[in-house]
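One file, entry-v1.cif, is given below (mmCIF, C-alpha atoms and all ligand atoms).
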```cif
data_coords
#
loop_
_atom_site.label_atom_id
_atom_site.label_comp_id
_atom_site.auth_asym_id
_atom_site.auth_seq_id
_atom_site.Cartn_x
_atom_site.Cartn_y
_atom_site.Cartn_z
CA MET A 4 21.72 -27.56 -19.79
CA THR A 5 18.93 -27.17 -22.39
CA SER A 6 17.86 -23.69 -23.43
CA LEU A 7 14.73 -22.23 -21.88
CA PRO A 8 11.66 -23.00 -24.06
CA VAL A 9 10.15 -19.85 -25.58
CA ILE A 10 6.45 -19.74 -26.46
CA ASP A 11 5.06 -16.80 -28.39
CA ILE A 12 1.33 -17.45 -27.79
CA ASP A 13 -0.48 -14.70 -25.83
CA PRO A 14 -2.06 -16.40 -22.78
CA PHE A 15 -4.59 -13.54 -22.61
CA GLY A 16 -5.49 -13.59 -26.32
CA THR A 17 -9.08 -14.35 -27.32
CA GLU A 18 -8.10 -17.75 -28.75
CA VAL A 19 -6.50 -18.98 -25.52
CA LEU A 20 -9.20 -17.51 -23.29
CA THR A 21 -11.78 -19.31 -25.42
CA ASP A 22 -9.87 -22.60 -25.44
CA PRO A 23 -6.82 -22.77 -23.15
CA TYR A 24 -5.98 -26.43 -23.76
CA SER A 25 -3.52 -26.22 -26.66
CA LEU A 26 -1.40 -23.64 -24.80
CA GLU A 27 -1.64 -25.76 -21.65
CA HIS A 28 -0.38 -28.82 -23.54
CA ALA A 29 2.47 -26.81 -25.04
CA LEU A 30 3.47 -25.55 -21.59
CA LEU A 31 3.23 -28.98 -19.96
CA ASP A 32 5.37 -30.47 -22.76
CA ALA A 33 7.90 -27.63 -22.60
CA GLY A 34 9.07 -28.45 -19.06
CA PRO A 35 8.87 -26.96 -15.57
CA LEU A 36 9.59 -23.41 -16.83
CA ALA A 37 8.96 -21.54 -20.09
CA TYR A 38 9.29 -17.95 -21.29
CA LEU A 39 6.23 -16.23 -22.78
CA SER A 40 7.55 -13.62 -25.17
CA ALA A 41 4.18 -11.89 -25.73
CA HIS A 42 4.41 -10.26 -22.28
CA ASP A 43 8.06 -10.82 -21.23
CA ILE A 44 6.98 -13.19 -18.45
CA TYR A 45 7.80 -16.69 -17.25
CA ALA A 46 5.32 -19.54 -17.05
CA VAL A 47 5.03 -22.44 -14.61
CA ALA A 48 2.44 -25.06 -15.54
CA ARG A 49 3.48 -28.57 -14.46
CA TYR A 50 1.77 -29.67 -11.24
CA ASP A 51 4.96 -30.24 -9.22
CA ALA A 52 6.45 -26.93 -10.31
CA VAL A 53 3.25 -24.93 -9.59
CA TYR A 54 2.92 -26.61 -6.20
CA ALA A 55 6.54 -25.84 -5.29
CA ALA A 56 6.37 -22.26 -6.57
CA LEU A 57 3.18 -21.47 -4.65
CA ARG A 58 4.76 -22.86 -1.50
CA ASN A 59 7.86 -20.73 -2.01
CA TRP A 60 6.41 -17.37 -0.93
CA GLN A 61 9.88 -16.08 -0.08
CA GLY A 62 11.11 -16.65 -3.66
CA PHE A 63 7.84 -15.82 -5.41
CA GLN A 64 6.19 -12.87 -3.74
CA SER A 65 2.59 -11.65 -4.05
CA GLY A 66 3.32 -8.15 -2.74
CA ALA A 67 4.35 -6.79 -6.15
CA GLY A 68 0.84 -7.67 -7.41
CA VAL A 69 -0.74 -10.95 -8.48
CA GLY A 70 -1.51 -9.48 -11.90
CA LEU A 71 0.75 -8.69 -14.85
CA SER A 72 1.72 -5.23 -13.55
CA ASN A 73 4.89 -5.24 -11.51
CA PHE A 74 4.34 -2.88 -8.60
CA ARG A 75 7.98 -3.20 -7.57
CA THR A 76 8.86 -1.09 -10.60
CA GLU A 77 5.54 0.50 -11.68
CA LYS A 78 3.42 2.98 -9.79
CA PRO A 79 0.20 1.12 -8.84
CA TRP A 80 -2.67 2.17 -11.15
CA ARG A 81 -5.15 0.08 -9.16
CA GLN A 82 -5.58 -0.53 -5.46
CA LEU A 83 -3.60 -3.55 -4.26
CA SER A 84 -5.38 -6.09 -2.06
CA ILE A 85 -4.06 -6.06 1.51
CA VAL A 86 -4.71 -9.80 1.67
CA VAL A 87 -3.95 -11.56 -1.61
CA GLU A 88 -1.31 -9.01 -2.64
CA ALA A 89 0.53 -8.80 0.67
CA ASP A 90 3.57 -10.77 1.85
CA PRO A 91 4.40 -11.66 5.46
CA PRO A 92 4.44 -10.00 7.90
CA HIS A 93 1.71 -7.69 6.44
CA HIS A 94 -0.35 -10.66 5.26
CA ASP A 95 -0.38 -12.41 8.64
CA ALA A 96 -2.97 -10.48 10.66
CA PRO A 97 -5.61 -10.00 7.91
CA ARG A 98 -5.26 -13.68 6.96
CA ARG A 99 -5.66 -14.81 10.56
CA VAL A 100 -8.85 -12.76 10.97
CA LEU A 101 -10.34 -14.21 7.77
CA ALA A 102 -9.26 -17.76 8.60
CA ASN A 103 -10.98 -17.49 11.99
CA LEU A 104 -14.15 -16.10 10.47
CA LEU A 105 -14.41 -18.46 7.51
CA GLY A 106 -13.34 -21.64 9.31
CA PRO A 107 -15.46 -24.68 10.18
CA ARG A 108 -17.55 -22.83 12.78
CA VAL A 109 -19.15 -20.46 10.28
CA GLN A 110 -20.02 -23.40 8.04
CA ARG A 111 -21.90 -25.09 10.84
CA ARG A 112 -23.71 -21.83 11.54
CA LEU A 113 -24.61 -21.26 7.87
CA ARG A 114 -25.42 -24.81 6.73
CA ALA A 115 -29.14 -24.94 7.63
CA GLU A 116 -29.76 -21.40 6.37
CA TRP A 117 -28.00 -21.99 3.04
CA MET A 118 -29.73 -25.35 2.52
CA ALA A 119 -33.08 -23.57 2.94
CA LYS A 120 -32.01 -20.81 0.53
CA ALA A 121 -30.83 -23.37 -2.05
CA HIS A 122 -34.10 -25.33 -1.84
CA LYS A 123 -36.09 -22.13 -2.23
CA MET A 124 -34.09 -20.98 -5.28
CA VAL A 125 -34.12 -24.41 -6.94
CA GLY A 126 -37.85 -24.80 -6.20
CA LYS A 127 -38.58 -21.53 -8.01
CA VAL A 128 -36.49 -22.51 -11.06
CA LEU A 129 -37.89 -26.05 -11.26
CA ASP A 130 -41.50 -25.03 -11.31
CA GLY A 131 -43.21 -28.20 -12.61
CA THR A 132 -44.80 -31.52 -11.70
CA PRO A 133 -42.90 -34.83 -11.43
CA GLY A 134 -42.15 -36.22 -14.89
CA SER A 135 -42.41 -32.82 -16.62
CA THR A 136 -39.46 -31.05 -18.26
CA VAL A 137 -38.27 -27.59 -17.35
CA GLU A 138 -35.76 -25.39 -19.20
CA PHE A 139 -33.55 -22.86 -17.46
CA ASP A 140 -30.17 -21.20 -17.76
CA ALA A 141 -27.78 -22.73 -15.20
CA VAL A 142 -25.69 -19.54 -15.21
CA THR A 143 -28.26 -16.75 -14.99
CA ALA A 144 -30.94 -18.62 -13.01
CA ILE A 145 -28.68 -20.41 -10.53
CA ALA A 146 -24.90 -19.86 -10.57
CA GLU A 147 -25.10 -16.03 -10.74
CA LYS A 148 -27.95 -15.87 -8.26
CA PHE A 149 -26.80 -17.98 -5.35
CA PRO A 150 -23.49 -16.39 -4.16
CA PRO A 151 -24.87 -12.81 -4.09
CA ARG A 152 -27.83 -14.13 -2.08
CA ALA A 153 -25.99 -16.51 0.30
CA VAL A 154 -22.62 -14.76 0.74
CA GLY A 155 -24.21 -11.31 0.41
CA ASP A 156 -26.50 -12.09 3.38
CA ALA A 157 -23.64 -13.70 5.37
CA LEU A 158 -21.47 -10.64 4.77
CA GLY A 159 -24.27 -8.44 6.13
CA LEU A 160 -24.85 -6.44 2.94
CA PRO A 161 -28.08 -4.56 2.25
CA GLU A 162 -30.14 -5.90 -0.69
CA GLU A 163 -29.83 -2.70 -2.62
CA GLY A 164 -26.88 -2.51 -4.98
CA ARG A 165 -25.97 -6.21 -4.99
CA GLU A 166 -26.14 -6.11 -8.79
CA ASN A 167 -22.74 -4.36 -8.54
CA LEU A 168 -21.02 -7.39 -6.99
CA LEU A 169 -20.38 -9.44 -10.13
CA PRO A 170 -19.39 -6.55 -12.47
CA PHE A 171 -16.96 -5.28 -9.79
CA SER A 172 -15.03 -8.53 -9.44
CA ASP A 173 -15.32 -9.25 -13.18
CA PHE A 174 -13.40 -6.01 -13.78
CA LEU A 175 -10.92 -6.68 -11.00
CA LEU A 176 -10.12 -10.19 -12.25
CA ASN A 177 -9.76 -8.87 -15.82
CA ALA A 178 -7.37 -6.23 -14.48
CA PHE A 179 -4.91 -8.95 -13.37
CA GLY A 180 -4.21 -9.46 -17.07
CA PRO A 181 -2.87 -6.97 -19.62
CA ARG A 182 -4.88 -3.85 -20.41
CA ASN A 183 -6.63 -5.54 -23.35
CA GLU A 184 -10.13 -5.05 -24.75
CA LEU A 185 -11.69 -6.95 -21.80
CA VAL A 186 -10.26 -4.37 -19.39
CA ALA A 187 -11.25 -1.52 -21.73
CA ALA A 188 -14.84 -2.82 -21.89
CA GLY A 189 -15.17 -2.72 -18.09
CA ALA A 190 -13.24 0.53 -17.56
CA PRO A 191 -16.14 3.00 -17.96
CA HIS A 192 -17.90 1.47 -14.92
CA ALA A 193 -14.83 0.67 -12.82
CA LYS A 194 -14.86 3.90 -10.83
CA SER A 195 -18.52 3.80 -9.84
CA LEU A 196 -18.30 0.09 -8.97
CA THR A 197 -15.22 0.68 -6.81
CA THR A 198 -16.92 3.60 -5.08
CA TRP A 199 -19.94 1.40 -4.31
CA VAL A 200 -17.70 -1.36 -2.91
CA MET A 201 -15.61 1.01 -0.79
CA GLU A 202 -18.79 2.56 0.64
CA HIS A 203 -19.98 -0.92 1.59
CA CYS A 204 -16.72 -1.81 3.32
CA ARG A 205 -17.58 0.87 5.93
CA ARG A 206 -18.87 -0.36 9.26
CA GLU A 207 -22.11 1.64 8.95
CA ALA A 208 -23.03 -0.10 5.68
CA LEU A 209 -22.74 -3.60 7.13
CA SER A 210 -24.92 -5.42 9.66
CA GLU A 211 -23.15 -5.88 12.98
CA ASP A 212 -23.53 -9.67 13.16
CA GLY A 213 -22.47 -10.42 9.57
CA LEU A 214 -18.94 -11.34 8.45
CA GLY A 215 -18.27 -7.70 7.54
CA GLY A 216 -19.33 -6.49 11.00
CA GLN A 217 -17.20 -9.20 12.57
CA ILE A 218 -14.12 -8.00 10.66
CA TRP A 219 -14.71 -4.57 12.21
CA ALA A 220 -15.15 -6.22 15.63
CA ALA A 221 -11.76 -7.94 15.12
CA ALA A 222 -10.31 -4.45 14.60
CA ASP A 223 -11.88 -3.32 17.91
CA ARG A 224 -10.10 -6.26 19.58
CA GLY A 225 -6.79 -5.14 18.08
CA GLU A 226 -6.39 -8.19 15.79
CA ILE A 227 -6.07 -5.84 12.79
CA THR A 228 -6.03 -2.05 12.73
CA HIS A 229 -9.15 -0.01 11.96
CA GLU A 230 -7.33 1.23 8.84
CA GLN A 231 -6.98 -2.37 7.65
CA ALA A 232 -10.62 -3.35 8.24
CA PRO A 233 -12.06 -1.93 4.98
CA GLY A 234 -9.32 -3.68 2.97
CA VAL A 235 -10.07 -7.01 4.63
CA VAL A 236 -13.81 -6.61 3.91
CA ARG A 237 -12.93 -5.62 0.34
CA SER A 238 -11.04 -8.88 -0.16
CA LEU A 239 -14.35 -10.71 0.24
CA PHE A 240 -16.00 -8.48 -2.37
CA ALA A 241 -13.11 -9.16 -4.73
CA ALA A 242 -12.68 -12.90 -4.23
CA GLY A 243 -15.92 -14.24 -2.80
CA PHE A 244 -18.49 -13.88 -5.58
CA ASN A 245 -17.47 -14.32 -9.24
CA THR A 246 -15.04 -17.13 -8.40
CA THR A 247 -17.86 -19.16 -6.89
CA VAL A 248 -20.36 -18.18 -9.60
CA HIS A 249 -18.10 -19.71 -12.25
CA ALA A 250 -17.18 -22.70 -10.12
CA LEU A 251 -20.92 -23.40 -9.69
CA ALA A 252 -21.38 -22.93 -13.44
CA ALA A 253 -18.47 -25.33 -14.02
CA VAL A 254 -19.96 -28.06 -11.84
CA MET A 255 -23.37 -27.59 -13.47
CA HIS A 256 -21.79 -27.82 -16.92
CA ALA A 257 -19.83 -30.91 -15.91
CA LEU A 258 -22.92 -32.68 -14.54
CA VAL A 259 -25.15 -31.69 -17.47
CA THR A 260 -22.63 -33.02 -20.00
CA HIS A 261 -21.90 -36.24 -18.05
CA PRO A 262 -25.32 -37.90 -17.53
CA GLU A 263 -23.76 -41.06 -16.07
CA GLN A 264 -22.07 -38.96 -13.35
CA TRP A 265 -25.38 -37.20 -12.65
CA ALA A 266 -27.08 -40.59 -12.21
CA ARG A 267 -24.30 -41.60 -9.84
CA LEU A 268 -24.64 -38.41 -7.83
CA ARG A 269 -28.41 -38.89 -7.56
CA ALA A 270 -27.87 -42.38 -6.21
CA GLU A 271 -25.25 -41.09 -3.78
CA PRO A 272 -25.91 -37.41 -2.96
CA SER A 273 -23.03 -37.37 -0.46
CA LEU A 274 -20.81 -37.13 -3.57
CA ALA A 275 -21.86 -33.46 -3.95
CA ARG A 276 -18.62 -32.14 -2.44
CA ILE A 277 -16.47 -34.51 -4.50
CA ALA A 278 -18.38 -33.38 -7.61
CA PHE A 279 -17.60 -29.75 -6.81
CA ASP A 280 -13.90 -30.27 -6.14
CA GLU A 281 -13.59 -32.46 -9.22
CA ALA A 282 -15.21 -29.67 -11.27
CA VAL A 283 -12.82 -27.11 -9.75
CA ARG A 284 -9.93 -29.39 -10.77
CA TRP A 285 -11.38 -30.21 -14.21
CA ALA A 286 -12.40 -26.67 -15.19
CA SER A 287 -10.21 -24.48 -12.94
CA PRO A 288 -12.51 -21.44 -12.75
CA VAL A 289 -9.49 -19.42 -11.57
CA GLN A 290 -7.03 -20.20 -14.36
CA THR A 291 -3.93 -18.19 -13.52
CA PHE A 292 -2.30 -15.89 -11.00
CA PHE A 293 1.04 -14.07 -11.06
CA ARG A 294 3.92 -13.99 -8.66
CA THR A 295 7.15 -11.90 -8.82
CA ALA A 296 10.63 -13.42 -8.36
CA VAL A 297 12.59 -12.22 -5.32
CA GLY A 298 16.22 -12.81 -6.22
CA ASP A 299 17.11 -15.31 -8.95
CA VAL A 300 14.93 -18.36 -8.34
CA GLY A 301 15.66 -21.78 -9.80
CA VAL A 302 12.86 -23.77 -11.44
CA GLY A 303 14.00 -27.11 -12.89
CA ASP A 304 17.25 -26.45 -14.79
CA HIS A 305 16.45 -22.78 -15.35
CA VAL A 306 16.40 -19.54 -13.43
CA VAL A 307 13.71 -16.90 -13.10
CA PRO A 308 15.61 -13.62 -12.78
CA ASP A 309 15.01 -11.25 -9.87
CA GLY A 310 11.95 -9.06 -10.42
CA ALA A 311 10.50 -11.12 -13.28
CA LYS A 312 6.78 -11.82 -13.39
CA VAL A 313 5.80 -15.48 -13.31
CA LEU A 314 2.39 -16.77 -14.36
CA MET A 315 1.15 -19.81 -12.44
CA PHE A 316 -1.10 -21.95 -14.65
CA LEU A 317 -3.46 -23.53 -12.11
CA GLY A 318 -5.64 -24.94 -14.90
CA ALA A 319 -2.69 -26.69 -16.57
CA ALA A 320 -1.41 -28.10 -13.25
CA ASN A 321 -4.89 -29.48 -12.56
CA ARG A 322 -4.71 -31.42 -15.86
CA ASP A 323 -1.06 -32.45 -15.75
CA PRO A 324 -0.95 -36.16 -16.71
CA ARG A 325 2.17 -36.53 -14.51
CA ARG A 326 -0.13 -35.99 -11.52
CA TRP A 327 -3.59 -37.08 -12.69
CA THR A 328 -4.78 -40.24 -14.45
CA ASP A 329 -6.97 -39.35 -17.46
CA PRO A 330 -6.87 -35.68 -16.43
CA GLU A 331 -9.41 -34.52 -19.03
CA LYS A 332 -12.03 -36.91 -17.63
CA PHE A 333 -14.61 -35.53 -15.18
CA ASP A 334 -14.89 -38.49 -12.86
CA LEU A 335 -16.60 -38.81 -9.48
CA SER A 336 -14.53 -41.91 -8.63
CA ARG A 337 -11.42 -39.77 -8.53
CA ASP A 338 -9.95 -38.26 -5.37
CA PRO A 339 -9.54 -34.65 -6.55
CA SER A 340 -7.89 -33.48 -3.34
CA GLY A 341 -4.56 -31.82 -3.88
CA HIS A 342 -5.78 -29.85 -6.91
CA VAL A 343 -4.52 -26.28 -7.02
CA GLY A 344 -7.81 -24.71 -8.17
CA PHE A 345 -7.93 -22.87 -4.83
CA GLY A 346 -4.21 -22.08 -5.03
CA PHE A 347 -1.77 -23.48 -2.50
CA GLY A 348 0.46 -22.34 0.34
CA LEU A 349 0.20 -19.10 2.27
CA HIS A 350 -2.46 -17.56 0.02
CA GLN A 351 -4.52 -20.69 -0.57
CA CYS A 352 -8.16 -19.66 -0.81
CA VAL A 353 -9.40 -18.74 2.66
CA GLY A 354 -13.04 -18.94 1.47
CA GLN A 355 -12.86 -22.44 -0.03
CA ASN A 356 -15.06 -24.00 2.63
CA LEU A 357 -17.78 -21.43 2.04
CA ALA A 358 -17.60 -22.16 -1.69
CA ARG A 359 -17.88 -25.90 -0.98
CA LEU A 360 -20.86 -25.32 1.30
CA GLU A 361 -22.64 -23.23 -1.36
CA ALA A 362 -22.07 -25.96 -3.92
CA GLU A 363 -23.15 -28.76 -1.62
CA CYS A 364 -26.42 -26.98 -0.80
CA LEU A 365 -27.26 -26.29 -4.46
CA ILE A 366 -26.24 -29.69 -5.81
CA THR A 367 -28.17 -31.49 -3.07
CA ALA A 368 -31.29 -29.42 -3.75
CA LEU A 369 -31.03 -30.09 -7.50
CA ALA A 370 -30.38 -33.82 -7.06
CA GLU A 371 -33.58 -34.18 -5.02
CA ARG A 372 -35.72 -32.73 -7.80
CA VAL A 373 -34.02 -33.54 -11.12
CA GLU A 374 -34.02 -37.00 -12.66
CA THR A 375 -32.05 -36.20 -15.84
CA LEU A 376 -30.24 -33.16 -17.17
CA GLU A 377 -29.15 -32.28 -20.70
CA LEU A 378 -27.95 -29.25 -22.62
CA ALA A 379 -30.87 -27.46 -24.31
CA ALA A 380 -28.39 -25.53 -26.52
CA PRO A 381 -24.61 -25.12 -26.56
CA GLY A 382 -23.22 -23.12 -23.63
CA GLU A 383 -21.63 -19.72 -24.23
CA ARG A 384 -18.37 -18.65 -22.61
CA ARG A 385 -17.77 -15.33 -20.94
CA LEU A 386 -14.15 -14.28 -21.50
CA ASN A 387 -12.12 -12.98 -18.56
CA ASN A 388 -8.34 -12.57 -18.16
CA THR A 389 -8.31 -14.67 -14.95
CA LEU A 390 -11.52 -16.68 -14.89
CA ARG A 391 -12.69 -19.55 -17.05
CA ALA A 392 -16.25 -18.33 -17.03
CA TRP A 393 -19.68 -18.90 -18.54
CA HIS A 394 -22.16 -16.45 -19.98
CA SER A 395 -24.91 -19.02 -20.42
CA ILE A 396 -25.60 -22.77 -20.08
CA PRO A 397 -29.13 -23.57 -21.33
CA VAL A 398 -30.35 -26.73 -19.60
CA ARG A 399 -33.34 -29.06 -19.94
CA ALA A 400 -34.25 -30.99 -16.79
CA ARG A 401 -36.74 -33.83 -16.33
CA LEU A 402 -38.18 -33.58 -12.86
CA ALA A 403 -38.18 -36.52 -10.49
C1 LIG A 501 -7.54 -16.69 -2.53
C2 LIG A 501 -9.84 -19.41 -5.82
C3 LIG A 501 -14.04 -18.75 -3.44
C4 LIG A 501 -11.86 -15.48 -0.62
C5 LIG A 501 -7.79 -17.53 -3.60
C6 LIG A 501 -6.78 -18.08 -4.48
C7 LIG A 501 -7.43 -18.82 -5.41
C8 LIG A 501 -8.84 -18.76 -5.11
C9 LIG A 501 -6.81 -19.58 -6.58
C10 LIG A 501 -5.27 -17.89 -4.36
C11 LIG A 501 -4.75 -16.64 -5.00
C12 LIG A 501 -3.25 -16.55 -4.94
O1 LIG A 501 -2.58 -17.49 -4.53
O2 LIG A 501 -2.68 -15.51 -5.32
C13 LIG A 501 -11.17 -19.46 -5.45
C14 LIG A 501 -12.16 -20.28 -6.11
C15 LIG A 501 -13.34 -20.10 -5.43
C16 LIG A 501 -13.08 -19.17 -4.35
C17 LIG A 501 -11.91 -21.18 -7.33
C18 LIG A 501 -14.68 -20.71 -5.67
C19 LIG A 501 -14.82 -21.96 -6.05
C20 LIG A 501 -13.81 -17.84 -2.44
C21 LIG A 501 -14.80 -17.37 -1.49
C22 LIG A 501 -14.18 -16.43 -0.71
C23 LIG A 501 -12.81 -16.31 -1.16
C24 LIG A 501 -16.25 -17.87 -1.42
C25 LIG A 501 -14.73 -15.61 0.44
C26 LIG A 501 -15.95 -15.59 0.87
C27 LIG A 501 -10.51 -15.53 -0.92
C28 LIG A 501 -9.53 -14.66 -0.30
C29 LIG A 501 -8.28 -15.03 -0.83
C30 LIG A 501 -8.53 -16.09 -1.80
C31 LIG A 501 -9.80 -13.59 0.75
C32 LIG A 501 -6.91 -14.45 -0.47
C33 LIG A 501 -6.28 -15.33 0.58
C34 LIG A 501 -4.88 -14.91 0.93
O3 LIG A 501 -4.22 -14.19 0.17
O4 LIG A 501 -4.42 -15.29 2.02
N1 LIG A 501 -9.04 -17.97 -3.99
N2 LIG A 501 -11.76 -18.80 -4.41
N3 LIG A 501 -12.62 -17.19 -2.20
N4 LIG A 501 -9.88 -16.36 -1.81
FE1 LIG A 501 -10.81 -17.68 -3.02
#
```
As structure tokens, what does this structure read like?
Amino acid sequence: MTSLPVIDIDPFGTEVLTDPYSLEHALLDAGPLAYLSAHDIYAVARYDAVYAALRNWQGFQSGAGVGLSNFRTEKPWRQLSIVVEADPPHHDAPRRVLANLLGPRVQRRLRAEWMAKAHKMVGKVLDGTPGSTVEFDAVTAIAEKFPPRAVGDALGLPEEGRENLLPFSDFLLNAFGPRNELVAAGAPHAKSLTTWVMEHCRREALSEDGLGGQIWAAADRGEITHEQAPGVVRSLFAAGFNTTVHALAAVMHALVTHPEQWARLRAEPSLARIAFDEAVRWASPVQTFFRTAVGDVGVGDHVVPDGAKVLMFLGAANRDPRRWTDPEKFDLSRDPSGHVGFGFGLHQCVGQNLARLEAECLITALAERVETLELAAPGERRLNNTLRAWHSIPVRARLA
């Protein structure tokens, strides 16, 4: 048996968060399991190993936290999610309620409304005559605007205070990493943001017919308890906004930097969903998530000891050459299905179809109006311990 590869690079250091690819290559080369000495954690990065580990919820639990902190041994310093950080049987009822609400039916209900919203937003940004050029920031003018508008309305949130949505989940997703300077930078506002979110998980703050109101109605029917309802609503605040913002930014960045793929998409707009999933594979807006070993769990020839934290590298798995041909290529001819950008197994993203619908609406609206796209200046990253995010992507568009 070979010895377990040890890597001393900090996966949450500025260098890796800025450019994760050299660590990803090192992990993929190392084998199915490696030890990361910077945080005394294990790492799983190869596609097959990530897939198997995410499926093995009995061996790799979420209930001790999906961040670096181990709530089996540490007193929780933050509120655990009753959805993403719960194991069966506690996970079952909240998950069922969300799966019912966010399934195909809600997409059919929302499609026409979100298409109209996307056309309106894109029309405002692309204010020009055919043949003219328009400059805009794909992050601040589009990606950051659409989810708070579309999902915020669907959730049944009042307009006022929606500016808290992105800072709240930015902090939360940073808090899954170590308490580094990114967490420290968000800490002064964490309490007021959390208070705002908790107030808006209350029934009285949400419209009755929105997704939030329907979660409360599910509690009335006994599908979850009334005590669980605010936690289930909160899971949408935590997971339903920033993730999609940076996935939309990723697909915009991919299309702006691959003009031949943009031309292809314009010729065949039904590729919008493929483009989005391929961008989620290629860029993996959610890069990593933790699990905790329950008992000694074998991975390849090695063992993760009971209670150890294991970091799942979704981004590396989505670029593992053992699974993907030319993984670093953003390619609309590829079938990206099977990527783990939305996770896999019991906790696989329950909102993925809403995210796909948002993307389809925006990409379709853009494709109707924009002939060519190019970068007007280099994009700027926004660093986050969990997300591969963008601060800005300046774009120049020639209108059709
Ligand atoms: C879970 C990614 C959009 C709600 C997850 C997980 C990932 C993920 C990787 C699994 C976490 C784990 O296994 O520990 C993404 C990405 C999105 C996105 C990349 C956008 C492209 C959304 C949206 C919603 C949402 C729009 C809701 C409106 C959730 C919830 C969970 C989850 C509630 C927890 C599910 C469970 O534990 O059973 N997401 N997500 N997500 N996501 Fe998403």
(request) Select, from A:Gly354, A:Pro339, A:Pro308, A:Gly382, the residue with the minimum atom-to-atom distance to Phe63 in chain A, counting all atoms listed in the file. (result)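 For Phe63 in chain A, the nearest of the given residues is A:Pro308.
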(message) Can you tell me which residues surround range 161-175 of chain A at a distance of at most 6 Å, considering all atoms listed in the file, apart from same-chain residues fewer than 6 positions away, and format the answer as a PyMOL selection string?
(response) chain A and resi 189+196+241+245
(message) Tell me which residues come within 12 Å of (-7.6, -11.9, -1.7), as a ChimeraX atom specification, counting only C-alpha atoms in the file's coordinates.
(response) /A:65-66,68-69,83-90,94,97-98,101-102,172,175-176,234-244,246,292,345-346,349-355
Output C-alpha atoms for every residue in the selection just made, as a PDB file, keeping the file's coordinate frame.
```
ATOM      1  CA  SER A  65       2.590 -11.650  -4.050  1.00  0.00           C
ATOM      2  CA  GLY A  66       3.320  -8.150  -2.740  1.00  0.00           C
ATOM      3  CA  GLY A  68       0.840  -7.670  -7.410  1.00  0.00           C
ATOM      4  CA  VAL A  69      -0.740 -10.950  -8.480  1.00  0.00           C
ATOM      5  CA  LEU A  83      -3.600  -3.550  -4.260  1.00  0.00           C
ATOM      6  CA  SER A  84      -5.380  -6.090  -2.060  1.00  0.00           C
ATOM      7  CA  ILE A  85      -4.060  -6.060   1.510  1.00  0.00           C
ATOM      8  CA  VAL A  86      -4.710  -9.800   1.670  1.00  0.00           C
ATOM      9  CA  VAL A  87      -3.950 -11.560  -1.610  1.00  0.00           C
ATOM     10  CA  GLU A  88      -1.310  -9.010  -2.640  1.00  0.00           C
ATOM     11  CA  ALA A  89       0.530  -8.800   0.670  1.00  0.00           C
ATOM     12  CA  ASP A  90       3.570 -10.770   1.850  1.00  0.00           C
ATOM     13  CA  HIS A  94      -0.350 -10.660   5.260  1.00  0.00           C
ATOM     14  CA  PRO A  97      -5.610 -10.000   7.910  1.00  0.00           C
ATOM     15  CA  ARG A  98      -5.260 -13.680   6.960  1.00  0.00           C
ATOM     16  CA  LEU A 101     -10.340 -14.210   7.770  1.00  0.00           C
ATOM     17  CA  ALA A 102      -9.260 -17.760   8.600  1.00  0.00           C
ATOM     18  CA  SER A 172     -15.030  -8.530  -9.440  1.00  0.00           C
ATOM     19  CA  LEU A 175     -10.920  -6.680 -11.000  1.00  0.00           C
ATOM     20  CA  LEU A 176     -10.120 -10.190 -12.250  1.00  0.00           C
ATOM     21  CA  GLY A 234      -9.320  -3.680   2.970  1.00  0.00           C
ATOM     22  CA  VAL A 235     -10.070  -7.010   4.630  1.00  0.00           C
ATOM     23  CA  VAL A 236     -13.810  -6.610   3.910  1.00  0.00           C
ATOM     24  CA  ARG A 237     -12.930  -5.620   0.340  1.00  0.00           C
ATOM     25  CA  SER A 238     -11.040  -8.880  -0.160  1.00  0.00           C
ATOM     26  CA  LEU A 239     -14.350 -10.710   0.240  1.00  0.00           C
ATOM     27  CA  PHE A 240     -16.000  -8.480  -2.370  1.00  0.00           C
ATOM     28  CA  ALA A 241     -13.110  -9.160  -4.730  1.00  0.00           C
ATOM     29  CA  ALA A 242     -12.680 -12.900  -4.230  1.00  0.00           C
ATOM     30  CA  GLY A 243     -15.920 -14.240  -2.800  1.00  0.00           C
ATOM     31  CA  PHE A 244     -18.490 -13.880  -5.580  1.00  0.00           C
ATOM     32  CA  THR A 246     -15.040 -17.130  -8.400  1.00  0.00           C
ATOM     33  CA  PHE A 292      -2.300 -15.890 -11.000  1.00  0.00           C
ATOM     34  CA  PHE A 345      -7.930 -22.870  -4.830  1.00  0.00           C
ATOM     35  CA  GLY A 346      -4.210 -22.080  -5.030  1.00  0.00           C
ATOM     36  CA  LEU A 349       0.200 -19.100   2.270  1.00  0.00           C
ATOM     37  CA  HIS A 350      -2.460 -17.560   0.020  1.00  0.00           C
ATOM     38  CA  GLN A 351      -4.520 -20.690  -0.570  1.00  0.00           C
ATOM     39  CA  CYS A 352      -8.160 -19.660  -0.810  1.00  0.00           C
ATOM     40  CA  VAL A 353      -9.400 -18.740   2.660  1.00  0.00           C
ATOM     41  CA  GLY A 354     -13.040 -18.940   1.470  1.00  0.00           C
ATOM     42  CA  GLN A 355     -12.860 -22.440  -0.030  1.00  0.00           C
TER      43      GLN A 355
END
```
(request) One decimal, Å: what's the distance from CA of Ala368 in chain A over to CA of Val142 in chain A, could you say? (result)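 We find that CA of Ala368 in chain A and CA of Val142 in chain A lie 16.1 Å from each other.
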(request) Please identify all polymer residues lying at most 12 Å from the point (11.5, -20.6, -10.6) (file coordinates), using all atoms listed in the file, and present the result as a PyMOL selection string. (result) chain A and resi 7+34-38+44-49+51-64+294-315
